[in-house]
file protein27.cif (mmCIF, C-alpha atoms)
data_start
loop_
_atom_site.label_atom_id
_atom_site.label_comp_id
_atom_site.auth_asym_id
_atom_site.auth_seq_id
_atom_site.Cartn_x
_atom_site.Cartn_y
_atom_site.Cartn_z
CA MET A 1 33.75 -11.20 -5.69
CA THR A 2 30.21 -10.05 -4.86
CA SER A 3 30.09 -7.16 -2.42
CA THR A 4 28.14 -7.32 0.85
CA THR A 5 25.76 -4.66 -0.44
CA GLU A 6 24.99 -6.66 -3.56
CA GLN A 7 24.46 -9.81 -1.53
CA LEU A 8 22.00 -8.04 0.73
CA SER A 9 20.13 -6.34 -2.13
CA ALA A 10 19.68 -9.69 -3.87
CA THR A 11 17.51 -10.84 -0.98
CA THR A 12 15.35 -7.74 -0.74
CA LEU A 13 11.83 -7.31 -2.05
CA LEU A 14 10.47 -4.01 -3.36
CA ARG A 15 6.72 -3.50 -3.62
CA PHE A 16 5.89 -0.64 -5.95
CA ALA A 17 2.84 0.76 -7.68
CA THR A 18 2.41 2.58 -10.97
CA ALA A 19 -0.10 5.34 -11.60
CA GLY A 20 -0.78 7.75 -14.42
CA SER A 21 -3.50 9.50 -16.36
CA VAL A 22 -5.20 7.82 -19.30
CA ASP A 23 -2.91 7.46 -22.34
CA ASP A 24 0.20 8.50 -20.43
CA GLY A 25 1.75 5.21 -21.53
CA LYS A 26 1.77 3.46 -18.18
CA SER A 27 1.01 -0.01 -19.53
CA THR A 28 3.69 0.50 -22.18
CA LEU A 29 6.18 1.48 -19.46
CA VAL A 30 5.40 -1.65 -17.44
CA GLY A 31 5.57 -3.78 -20.59
CA ARG A 32 8.91 -2.23 -21.53
CA LEU A 33 10.21 -2.80 -18.01
CA LEU A 34 9.25 -6.48 -18.14
CA HIS A 35 10.46 -6.95 -21.73
CA ASP A 36 13.84 -5.23 -21.44
CA SER A 37 14.61 -6.84 -18.07
CA LYS A 38 14.04 -10.27 -19.70
CA SER A 39 11.07 -10.96 -17.42
CA VAL A 40 8.69 -12.02 -20.19
CA LEU A 41 8.21 -15.63 -21.25
CA GLU A 42 8.79 -16.37 -24.92
CA ASP A 43 5.21 -17.54 -25.53
CA GLN A 44 3.86 -14.35 -23.94
CA LEU A 45 5.98 -12.23 -26.26
CA GLU A 46 4.91 -14.29 -29.28
CA ALA A 47 1.25 -13.77 -28.37
CA VAL A 48 1.77 -10.01 -28.10
CA GLU A 49 3.59 -9.92 -31.44
CA ARG A 50 0.77 -11.88 -33.05
CA VAL A 51 -2.01 -9.62 -31.72
CA SER A 52 -0.01 -6.50 -32.64
CA ALA A 53 0.49 -7.79 -36.20
CA ASP A 54 -3.22 -8.55 -36.52
CA ARG A 55 -3.89 -4.92 -35.65
CA GLY A 56 -1.51 -3.76 -38.37
CA GLN A 57 1.14 -2.48 -35.94
CA ASN A 58 4.75 -2.61 -37.07
CA ALA A 59 6.17 -3.32 -33.62
CA PRO A 60 4.90 -5.35 -30.64
CA ASP A 61 2.50 -3.35 -28.44
CA LEU A 62 4.15 -3.92 -25.07
CA ALA A 63 1.07 -2.59 -23.26
CA LEU A 64 -0.58 -5.91 -24.08
CA LEU A 65 1.78 -7.58 -21.64
CA THR A 66 -0.03 -5.92 -18.75
CA ASP A 67 -3.59 -5.19 -19.86
CA GLY A 68 -4.92 -8.66 -19.20
CA LEU A 69 -8.67 -8.10 -19.07
CA ARG A 70 -10.55 -8.29 -22.35
CA ALA A 71 -12.21 -4.92 -21.69
CA GLU A 72 -8.76 -3.41 -21.10
CA ARG A 73 -7.43 -4.71 -24.39
CA GLU A 74 -10.50 -3.58 -26.34
CA GLN A 75 -10.56 -0.07 -24.88
CA GLY A 76 -6.80 0.35 -24.61
CA ILE A 77 -7.07 1.32 -20.94
CA THR A 78 -6.22 -0.20 -17.57
CA ILE A 79 -9.27 -0.96 -15.42
CA ASP A 80 -8.25 -3.32 -12.63
CA VAL A 81 -5.19 -3.55 -10.39
CA ALA A 82 -2.81 -6.11 -11.88
CA TYR A 83 0.02 -7.55 -9.82
CA ARG A 84 3.21 -8.54 -11.64
CA TYR A 85 6.06 -10.51 -10.10
CA PHE A 86 9.53 -10.27 -11.57
CA ALA A 87 13.13 -10.26 -10.48
CA THR A 88 16.56 -9.15 -11.56
CA ALA A 89 19.95 -10.24 -10.28
CA ARG A 90 19.82 -7.46 -7.70
CA ARG A 91 16.25 -7.48 -6.34
CA ARG A 92 12.79 -9.07 -6.42
CA PHE A 93 9.73 -6.97 -7.27
CA ILE A 94 5.97 -7.00 -6.79
CA LEU A 95 4.43 -4.43 -9.12
CA ALA A 96 0.87 -3.16 -8.67
CA ASP A 97 -0.28 -1.73 -12.01
CA THR A 98 -3.16 0.61 -11.13
CA PRO A 99 -5.70 2.37 -13.38
CA GLY A 100 -5.46 6.02 -14.36
CA HIS A 101 -9.15 6.95 -14.60
CA VAL A 102 -10.60 9.22 -11.93
CA GLN A 103 -13.37 6.68 -11.26
CA TYR A 104 -10.74 4.08 -10.36
CA THR A 105 -9.05 6.10 -7.61
CA ARG A 106 -10.06 3.34 -5.16
CA ASN A 107 -8.03 0.88 -7.23
CA MET A 108 -4.92 3.01 -6.84
CA VAL A 109 -5.49 3.12 -3.08
CA THR A 110 -5.62 -0.67 -3.07
CA GLY A 111 -2.44 -1.03 -5.11
CA ALA A 112 -0.42 1.62 -3.27
CA SER A 113 -1.49 0.69 0.26
CA THR A 114 1.40 -1.77 0.67
CA ALA A 115 3.86 -0.10 -1.73
CA GLU A 116 7.24 1.28 -0.68
CA LEU A 117 7.52 3.22 -3.94
CA ALA A 118 5.09 4.76 -6.43
CA VAL A 119 5.87 5.54 -10.06
CA VAL A 120 3.71 8.45 -11.23
CA LEU A 121 3.66 8.82 -15.00
CA VAL A 122 3.26 12.14 -16.81
CA ASP A 123 2.89 12.80 -20.54
CA ALA A 124 5.65 15.27 -21.43
CA ARG A 125 3.26 17.03 -23.85
CA ASN A 126 0.63 17.65 -21.15
CA GLY A 127 2.74 18.14 -18.03
CA VAL A 128 1.25 17.97 -14.53
CA VAL A 129 -2.52 17.58 -14.85
CA GLU A 130 -5.36 17.14 -12.35
CA GLN A 131 -4.95 13.37 -12.21
CA THR A 132 -1.21 13.74 -11.60
CA ARG A 133 -1.94 15.83 -8.52
CA ARG A 134 -4.54 13.28 -7.45
CA HIS A 135 -2.01 10.45 -7.65
CA ALA A 136 0.58 12.45 -5.75
CA ALA A 137 -2.00 13.18 -3.05
CA VAL A 138 -2.97 9.52 -2.72
CA ALA A 139 0.69 8.51 -2.46
CA ALA A 140 1.22 11.10 0.28
CA LEU A 141 -1.96 10.07 2.06
CA LEU A 142 -0.83 6.43 2.10
CA ARG A 143 2.62 7.45 3.36
CA VAL A 144 4.44 5.90 0.39
CA PRO A 145 8.07 6.76 1.23
CA HIS A 146 9.47 7.01 -2.32
CA VAL A 147 7.86 8.59 -5.40
CA VAL A 148 9.29 8.46 -8.92
CA LEU A 149 8.06 10.99 -11.48
CA ALA A 150 8.46 9.34 -14.88
CA VAL A 151 8.11 12.02 -17.56
CA ASN A 152 7.11 9.87 -20.52
CA LYS A 153 6.94 10.45 -24.27
CA MET A 154 10.04 12.62 -24.28
CA ASP A 155 10.50 11.53 -27.91
CA LEU A 156 7.38 13.53 -28.81
CA VAL A 157 8.83 16.77 -27.42
CA GLY A 158 12.22 16.41 -29.09
CA TYR A 159 13.90 15.14 -25.91
CA GLU A 160 14.10 18.76 -24.71
CA GLU A 161 15.66 19.19 -21.29
CA ALA A 162 13.67 22.37 -20.61
CA VAL A 163 10.36 20.52 -20.93
CA PHE A 164 11.48 17.88 -18.45
CA ALA A 165 12.90 20.44 -16.01
CA ARG A 166 9.68 22.47 -15.96
CA ILE A 167 7.50 19.42 -15.27
CA ALA A 168 9.89 18.02 -12.65
CA GLU A 169 10.00 21.34 -10.78
CA GLU A 170 6.21 21.75 -10.74
CA PHE A 171 5.57 18.19 -9.54
CA THR A 172 8.35 18.23 -6.94
CA GLN A 173 7.04 21.45 -5.40
CA TYR A 174 3.48 20.08 -5.21
CA ALA A 175 4.47 16.66 -3.81
CA SER A 176 6.84 18.22 -1.28
CA GLU A 177 4.01 20.38 0.07
CA LEU A 178 2.03 17.17 0.61
CA GLY A 179 4.87 15.74 2.68
CA VAL A 180 6.26 13.18 0.23
CA PRO A 181 9.72 12.52 1.69
CA GLU A 182 11.62 11.57 -1.48
CA ILE A 183 10.93 12.43 -5.13
CA THR A 184 13.03 11.27 -8.09
CA ALA A 185 12.30 12.60 -11.59
CA ILE A 186 13.36 10.55 -14.64
CA PRO A 187 12.83 11.52 -18.33
CA ILE A 188 11.78 8.46 -20.36
CA SER A 189 10.27 7.18 -23.57
CA ALA A 190 8.55 3.90 -22.79
CA LEU A 191 7.82 3.30 -26.47
CA ALA A 192 11.45 3.76 -27.54
CA GLY A 193 12.95 2.35 -24.34
CA ASP A 194 14.84 5.48 -23.30
CA ASN A 195 15.90 5.42 -19.62
CA VAL A 196 13.54 2.55 -18.69
CA VAL A 197 16.06 -0.29 -18.48
CA GLU A 198 18.80 1.03 -20.76
CA PRO A 199 20.22 4.59 -20.59
CA SER A 200 19.05 6.92 -23.34
CA ALA A 201 21.44 7.69 -26.18
CA THR A 202 19.45 10.82 -27.05
CA MET A 203 19.26 12.50 -23.61
CA ASP A 204 22.92 12.94 -22.74
CA TRP A 205 21.92 15.94 -20.61
CA TYR A 206 20.39 13.54 -18.06
CA GLY A 207 22.90 11.92 -15.73
CA GLY A 208 20.59 10.14 -13.30
CA PRO A 209 19.54 6.49 -13.05
CA THR A 210 17.19 4.61 -15.35
CA VAL A 211 13.86 3.53 -13.92
CA LEU A 212 15.07 -0.03 -13.33
CA GLU A 213 18.37 1.11 -11.85
CA HIS A 214 16.50 3.29 -9.36
CA LEU A 215 14.12 0.45 -8.50
CA GLU A 216 17.07 -1.85 -7.90
CA THR A 217 18.99 0.55 -5.68
CA VAL A 218 16.39 2.59 -3.76
CA PRO A 219 16.74 1.82 -0.03
CA VAL A 220 13.99 -0.56 1.10
CA SER A 221 13.35 0.38 4.69
CA HIS A 222 10.28 -1.51 5.79
CA ASP A 223 10.73 -0.05 9.28
CA LEU A 224 8.78 -3.02 10.62
CA ALA A 225 11.56 -4.06 12.96
CA THR A 226 12.12 -0.53 14.30
CA CYS A 227 8.48 0.12 15.23
CA PRO A 228 7.07 -0.94 18.63
CA ALA A 229 6.26 -4.65 18.59
CA ARG A 230 2.70 -5.66 17.73
CA PHE A 231 1.49 -9.27 17.57
CA PRO A 232 -2.14 -9.80 16.51
CA VAL A 233 -3.25 -13.26 17.61
CA GLN A 234 -4.57 -15.24 14.66
CA TYR A 235 -5.05 -18.69 16.18
CA VAL A 236 -4.80 -20.37 19.59
CA ILE A 237 -2.94 -23.69 19.45
CA ARG A 238 -3.88 -26.33 22.06
CA PRO A 239 -2.99 -29.83 20.77
CA GLN A 240 -3.98 -31.57 24.05
CA THR A 241 -2.08 -34.65 22.95
CA ALA A 242 -0.09 -37.10 25.03
CA GLU A 243 3.10 -35.50 23.74
CA HIS A 244 1.91 -31.92 24.42
CA PRO A 245 -0.79 -32.17 27.11
CA ASP A 246 -0.39 -28.63 28.46
CA TYR A 247 0.84 -26.74 25.38
CA ARG A 248 -0.89 -23.41 24.78
CA GLY A 249 0.49 -21.20 22.04
CA TYR A 250 -0.71 -18.09 20.26
CA ALA A 251 0.03 -18.11 16.55
CA GLY A 252 0.17 -15.18 14.15
CA GLN A 253 2.40 -12.86 12.16
CA ILE A 254 4.41 -10.18 13.92
CA ALA A 255 3.03 -6.96 12.44
CA SER A 256 5.95 -4.81 13.59
CA GLY A 257 8.88 -4.70 15.97
CA VAL A 258 10.88 -7.37 17.79
CA LEU A 259 9.75 -9.85 20.46
CA ARG A 260 12.11 -11.57 22.92
CA VAL A 261 11.82 -14.41 25.39
CA GLY A 262 11.58 -13.03 28.92
CA GLU A 263 9.97 -9.77 27.81
CA PRO A 264 6.96 -8.49 29.80
CA VAL A 265 3.92 -8.14 27.55
CA THR A 266 0.36 -6.82 27.76
CA VAL A 267 -2.62 -8.47 26.11
CA LEU A 268 -5.11 -6.02 24.63
CA PRO A 269 -7.91 -5.08 24.94
CA SER A 270 -8.12 -6.92 28.33
CA GLY A 271 -4.97 -5.29 29.71
CA ARG A 272 -3.76 -8.54 31.33
CA THR A 273 0.00 -8.87 31.62
CA SER A 274 2.44 -11.76 31.39
CA VAL A 275 5.95 -12.63 30.22
CA ILE A 276 7.00 -14.35 26.99
CA GLU A 277 8.05 -17.86 28.05
CA GLY A 278 8.95 -19.13 24.59
CA ILE A 279 8.82 -18.37 20.87
CA ASP A 280 8.36 -21.16 18.34
CA ALA A 281 9.28 -20.50 14.71
CA LEU A 282 9.32 -23.14 11.96
CA GLY A 283 9.15 -25.93 14.50
CA LYS A 284 12.07 -24.67 16.57
CA SER A 285 12.33 -22.61 19.76
CA VAL A 286 14.04 -19.25 19.32
CA ASP A 287 14.97 -16.45 21.70
CA ILE A 288 14.03 -13.58 19.42
CA ALA A 289 11.67 -12.94 16.49
CA TRP A 290 10.87 -9.91 14.38
CA ALA A 291 8.40 -8.63 11.79
CA PRO A 292 7.13 -10.00 9.48
CA GLN A 293 7.88 -13.50 10.81
CA SER A 294 5.03 -15.89 11.57
CA VAL A 295 5.57 -17.42 15.01
CA THR A 296 3.82 -18.96 17.99
CA LEU A 297 4.18 -17.26 21.38
CA ARG A 298 4.01 -19.06 24.71
CA LEU A 299 3.33 -17.01 27.85
CA GLU A 300 4.19 -17.77 31.47
CA ASP A 301 0.63 -17.17 32.68
CA ASP A 302 -2.51 -19.05 31.67
CA ILE A 303 -4.76 -16.14 30.73
CA ASP A 304 -7.76 -15.80 28.43
CA ILE A 305 -6.48 -14.93 24.95
CA SER A 306 -8.33 -15.49 21.66
CA ARG A 307 -8.18 -14.54 18.00
CA GLY A 308 -8.25 -10.76 17.59
CA ASP A 309 -6.36 -9.97 20.77
CA LEU A 310 -3.10 -8.06 20.41
CA ILE A 311 0.07 -8.84 22.35
CA ALA A 312 2.57 -5.98 22.78
CA PRO A 313 5.54 -5.21 25.04
CA THR A 314 4.22 -3.65 28.23
CA ALA A 315 6.68 -0.75 27.92
CA SER A 316 5.30 0.29 24.51
CA ALA A 317 1.74 -1.03 24.52
CA PRO A 318 -0.77 1.11 22.59
CA THR A 319 -3.76 2.66 24.28
CA THR A 320 -7.19 1.30 23.45
CA THR A 321 -10.12 3.35 22.22
CA GLN A 322 -13.70 3.00 21.07
CA ASP A 323 -13.70 6.33 19.21
CA VAL A 324 -11.72 6.14 15.98
CA THR A 325 -11.01 9.27 13.97
CA ALA A 326 -9.53 8.45 10.59
CA THR A 327 -9.19 9.20 6.91
CA VAL A 328 -10.96 6.67 4.70
CA CYS A 329 -11.14 5.98 0.99
CA HIS A 330 -14.60 4.75 0.09
CA VAL A 331 -14.30 1.78 -2.25
CA ALA A 332 -17.86 0.43 -2.50
CA ASP A 333 -20.57 1.45 -4.94
CA GLN A 334 -23.12 2.04 -2.17
CA PRO A 335 -22.60 5.27 -0.16
CA LEU A 336 -21.28 5.39 3.39
CA ALA A 337 -23.60 7.62 5.44
CA VAL A 338 -23.63 8.98 8.98
CA GLY A 339 -25.37 6.46 11.22
CA ALA A 340 -24.36 3.44 9.12
CA ARG A 341 -23.79 0.25 11.08
CA VAL A 342 -20.61 -1.45 9.92
CA LEU A 343 -17.98 -3.98 10.93
CA LEU A 344 -14.48 -2.64 11.56
CA LYS A 345 -11.65 -5.10 10.82
CA HIS A 346 -8.31 -4.21 12.37
CA THR A 347 -5.52 -6.79 11.98
CA THR A 348 -7.18 -10.05 13.11
CA ARG A 349 -9.92 -8.36 15.14
CA THR A 350 -13.39 -7.55 13.79
CA VAL A 351 -15.86 -5.51 15.87
CA LYS A 352 -19.25 -3.89 15.36
CA ALA A 353 -19.20 -0.13 14.82
CA ILE A 354 -21.33 2.86 13.85
CA VAL A 355 -20.28 5.78 11.66
CA LYS A 356 -20.93 8.64 14.02
CA GLU A 357 -19.73 11.58 11.94
CA ILE A 358 -18.27 12.45 8.55
CA PRO A 359 -16.58 15.79 9.29
CA SER A 360 -15.26 16.42 5.78
CA ARG A 361 -14.65 15.13 2.27
CA LEU A 362 -11.31 15.83 0.62
CA THR A 363 -11.14 17.46 -2.79
CA LEU A 364 -7.89 16.08 -4.18
CA ASP A 365 -7.68 18.62 -6.99
CA ASP A 366 -6.82 21.48 -4.64
CA LEU A 367 -6.68 19.64 -1.27
CA SER A 368 -9.63 21.63 0.07
CA GLN A 369 -12.07 20.17 2.58
CA HIS A 370 -15.81 20.00 1.90
CA PRO A 371 -17.35 20.12 5.41
CA HIS A 372 -19.99 17.67 6.62
CA PRO A 373 -20.92 16.02 3.29
CA GLY A 374 -23.26 13.62 5.08
CA GLN A 375 -22.01 10.65 3.09
CA LEU A 376 -19.11 9.36 1.03
CA VAL A 377 -19.55 7.73 -2.38
CA ALA A 378 -17.24 5.53 -4.43
CA ASN A 379 -13.69 6.94 -4.74
CA ASP A 380 -14.34 9.69 -2.16
CA ILE A 381 -11.68 10.31 0.47
CA GLY A 382 -12.91 11.83 3.70
CA ARG A 383 -12.61 12.06 7.45
CA VAL A 384 -14.83 9.86 9.61
CA VAL A 385 -15.49 9.34 13.30
CA VAL A 386 -16.44 5.76 14.12
CA ARG A 387 -17.66 4.41 17.44
CA THR A 388 -16.80 0.75 18.06
CA ALA A 389 -18.62 -1.75 20.27
CA GLU A 390 -15.36 -2.97 21.79
CA PRO A 391 -12.01 -1.29 22.47
CA LEU A 392 -9.35 -1.40 19.75
CA ALA A 393 -5.57 -1.18 20.12
CA LEU A 394 -5.10 1.09 17.12
CA ASP A 395 -1.87 2.91 16.27
CA ALA A 396 -1.73 6.11 14.24
CA TYR A 397 -1.24 5.31 10.54
CA ALA A 398 1.62 7.83 10.43
CA ASP A 399 3.44 5.64 12.98
CA SER A 400 2.56 2.23 11.54
CA ARG A 401 0.94 1.45 8.19
CA ARG A 402 0.29 -2.12 9.38
CA THR A 403 -1.48 -1.48 12.69
CA GLY A 404 -2.81 1.98 11.85
CA SER A 405 -5.00 0.74 8.99
CA PHE A 406 -8.41 -0.91 9.02
CA LEU A 407 -11.38 -1.83 6.85
CA LEU A 408 -15.03 -0.91 7.19
CA ILE A 409 -17.24 -3.81 6.08
CA ASP A 410 -20.96 -4.14 5.31
CA PRO A 411 -22.29 -6.58 7.97
CA ALA A 412 -25.07 -7.73 5.63
CA ASP A 413 -23.00 -9.16 2.79
CA GLY A 414 -19.34 -8.76 3.77
CA THR A 415 -18.61 -6.10 1.13
CA THR A 416 -15.61 -3.90 1.88
CA LEU A 417 -16.92 -0.34 2.17
CA ALA A 418 -13.85 1.72 2.98
CA ALA A 419 -10.14 1.49 3.70
CA GLY A 420 -9.18 3.54 6.73
CA MET A 421 -6.05 5.20 8.08
CA ALA A 422 -6.23 6.14 11.75
CA GLY A 423 -5.12 9.55 12.98
CA GLU A 424 -4.40 12.72 11.07
CA SER A 425 -3.92 12.88 7.30
CA PHE A 426 -1.68 15.27 5.40
CA ALA A 427 -4.74 17.43 4.56
CA SER A 428 -5.91 17.95 8.14
CA LYS A 429 -4.90 21.35 9.43
CA ALA A 430 -6.19 20.43 12.85
CA GLY A 431 -8.26 17.81 14.59
CA THR A 432 -12.00 17.62 14.06
CA GLY A 433 -12.57 19.14 17.47
CA ALA A 434 -15.66 17.01 17.90
CA GLU A 435 -15.82 15.00 21.09
CA ALA A 436 -17.71 11.73 21.09
CA ASP A 437 -21.23 12.00 22.43
CA ASP A 438 -22.41 8.61 23.67
CA GLU A 439 -26.03 9.64 24.17
CA GLY A 440 -28.33 7.40 22.17
CA TRP A 441 -25.72 4.73 21.50
CA ASP A 442 -26.73 1.16 22.11
CA PHE A 443 -23.25 -0.05 23.03
#

call {"tool": "encode", "arguments": {"input": "protein27.cif", "output": "structure tokens"}}
result
Amino acid sequence: MTSTTEQLSATTLLRFATAGSVDDGKSTLVGRLLHDSKSVLEDQLEAVERVSADRGQNAPDLALLTDGLRAEREQGITIDVAYRYFATARRRFILADTPGHVQYTRNMVTGASTAELAVVLVDARNGVVEQTRRHAAVAALLRVPHVVLAVNKMDLVGYEEAVFARIAEEFTQYASELGVPEITAIPISALAGDNVVEPSATMDWYGGPTVLEHLETVPVSHDLATCPARFPVQYVIRPQTAEHPDYRGYAGQIASGVLRVGEPVTVLPSGRTSVIEGIDALGKSVDIAWAPQSVTLRLEDDIDISRGDLIAPTASAPTTTQDVTATVCHVADQPLAVGARVLLKHTTRTVKAIVKEIPSRLTLDDLSQHPHPGQLVANDIGRVVVRTAEPLALDAYADSRRTGSFLLIDPADGTTLAAGMAGESFASKAGTGAEADDEGWDF
């Protein structure tokens, strides 16, 4: 008989991201994971075997299962973020395979922003290198709750326990200082298949889980239902039909928390209050709904609510602000400079804004701060102070990854400029200390 735990785990979804330096074997690890877990279609495997044979390789190059772009295959590197969907009997997975090059740091930020777990790969011959520290820092910055250190290519160091122990200790100490809450180190050989899906027959000194076993059993705590409720309004529904002449509903996805019929709520940024009269989900009325369900709320009072407004329980409603201090990762090719006019998109709300200050740029190698750089360029991570034209109900990113994040957008062409995380980052020893000076602002 299937246990309750197994029944529950079968319904869970784990989002995880992989990261590693160039030639650490990350694509091979992902390929091995897909191949050995029987998640590869037969025609895909045949294509890989055919290309590998044409190259004169004796065995299928499993990296070809993940490096989909032509430039990736030709150069033997990962360039873009690739999302892979697979499942085992115990859990469903969404894997974000991110590049290892320094110039693609922004791609890792994209892939890890929604991940509950990050797999950081290290070449056992090289140990912890600069890019390893960079990946650990990004994972900590994005508040990824679980980090796996996969020490790869153990076959090339004679499967020596001492090599693994030294690397695991160095990485764990560094990541712990960054505030990563949980670190699991696993010695593997992606090429040979050791400890990826099947336990290694050559590393009997290791008694921990394989990579897949850890992925299947790590607690997935989305924490969405335990956070204060936040409901960004996406669409106002007013059928005005003979059947529903007076229906007015506010549709959207619950970003966090739980909403109940009869609960007093506040609409932000207006501050108007009402009570939840009804909740409609999948065509039926319900008494309670929770994140991440998509529902339609009906309120007792007929008040002005439109797309971009945020509905929250009055007892735990966030405060609104027009001065946003945050950590951002700059993802565009054009620089982000002080004085730049941008659009700030937070949940379903988009407002005009101006970059008022860039207090510092983070050097991920040693976590030092370069003060007042004046601008951020592609892949830079820095602190910014942004003044918005309208108030925003923004949570701290440390409290909620969903409602504490935002995008800065170029108003001219809609290009995403930066991904932002409100509040303090792990690297901030203190606040910026700079108060907003409204003199000279035109809003």

call {"tool": "resolve_selection", "arguments": {"input": "protein27.cif", "expression": "the PyMOL selection byres ((chain A and resi 133) around 9)", "output": "VMD selection string"}}
result
chain A and resid 128 to 132 134 to 138 171 174 to 175 364 to 366

call {"tool": "closest_residue", "arguments": {"input": "protein27.cif", "among": "A:Ala251, A:Leu212, A:Ala242, A:Val385", "to": "Leu282 in chain A", "atoms": "all atoms listed in the file"}}
result
A:Ala251

call {"tool": "residues_near_point", "arguments": {"input": "protein27.cif", "point": "(16.0, 4.9, -25.3)", "cutoff": "12 Å", "atoms": "all atoms listed in the file", "output": "PyMOL selection string"}}
result
chain A and resi 29+32+36+152-155+159+187-204+210-211

call {"tool": "resolve_selection", "arguments": {"input": "protein27.cif", "expression": "the PyMOL selection byres ((chain A and resi 331) around 8)", "output": "PyMOL selection string"}}
result
chain A and resi 106+329-330+332-333+377-380+416-419

call {"tool": "residues_near_point", "arguments": {"input": "protein27.cif", "point": "(7.8, 9.1, -8.2)", "cutoff": "8 Å", "atoms": "all atoms listed in the file", "output": "list in words"}}
result
Leu117, Ala118, Val119, Val120, Leu121, His146, Val147, Val148, Leu149, Ala150, Ile183, Thr184 and Ala185 of chain A

call {"tool": "write_last_selection", "arguments": {"input": "protein27.cif", "atoms": "C-alpha atoms", "output": "CSV table (one decimal), in the frame of the given file"}}
result
chain,number,residue,atom,x,y,z
A,117,LEU,CA,7.5,3.2,-3.9
A,118,ALA,CA,5.1,4.8,-6.4
A,119,VAL,CA,5.9,5.5,-10.1
A,120,VAL,CA,3.7,8.4,-11.2
A,121,LEU,CA,3.7,8.8,-15.0
A,146,HIS,CA,9.5,7.0,-2.3
A,147,VAL,CA,7.9,8.6,-5.4
A,148,VAL,CA,9.3,8.5,-8.9
A,149,LEU,CA,8.1,11.0,-11.5
A,150,ALA,CA,8.5,9.3,-14.9
A,183,ILE,CA,10.9,12.4,-5.1
A,184,THR,CA,13.0,11.3,-8.1
A,185,ALA,CA,12.3,12.6,-11.6

call {"tool": "resolve_selection", "arguments": {"input": "protein27.cif", "expression": "the PyMOL selection byres ((chain A and resi 295) around 6)", "output": "PDB file with C-alpha atoms, keeping the file's coordinate frame"}}
result
ATOM      1  CA  ALA A 251       0.030 -18.110  16.550  1.00  0.00           C
ATOM      2  CA  GLY A 252       0.170 -15.180  14.150  1.00  0.00           C
ATOM      3  CA  ASP A 280       8.360 -21.160  18.340  1.00  0.00           C
ATOM      4  CA  ALA A 281       9.280 -20.500  14.710  1.00  0.00           C
ATOM      5  CA  SER A 294       5.030 -15.890  11.570  1.00  0.00           C
ATOM      6  CA  THR A 296       3.820 -18.960  17.990  1.00  0.00           C
TER       7      THR A 296
END
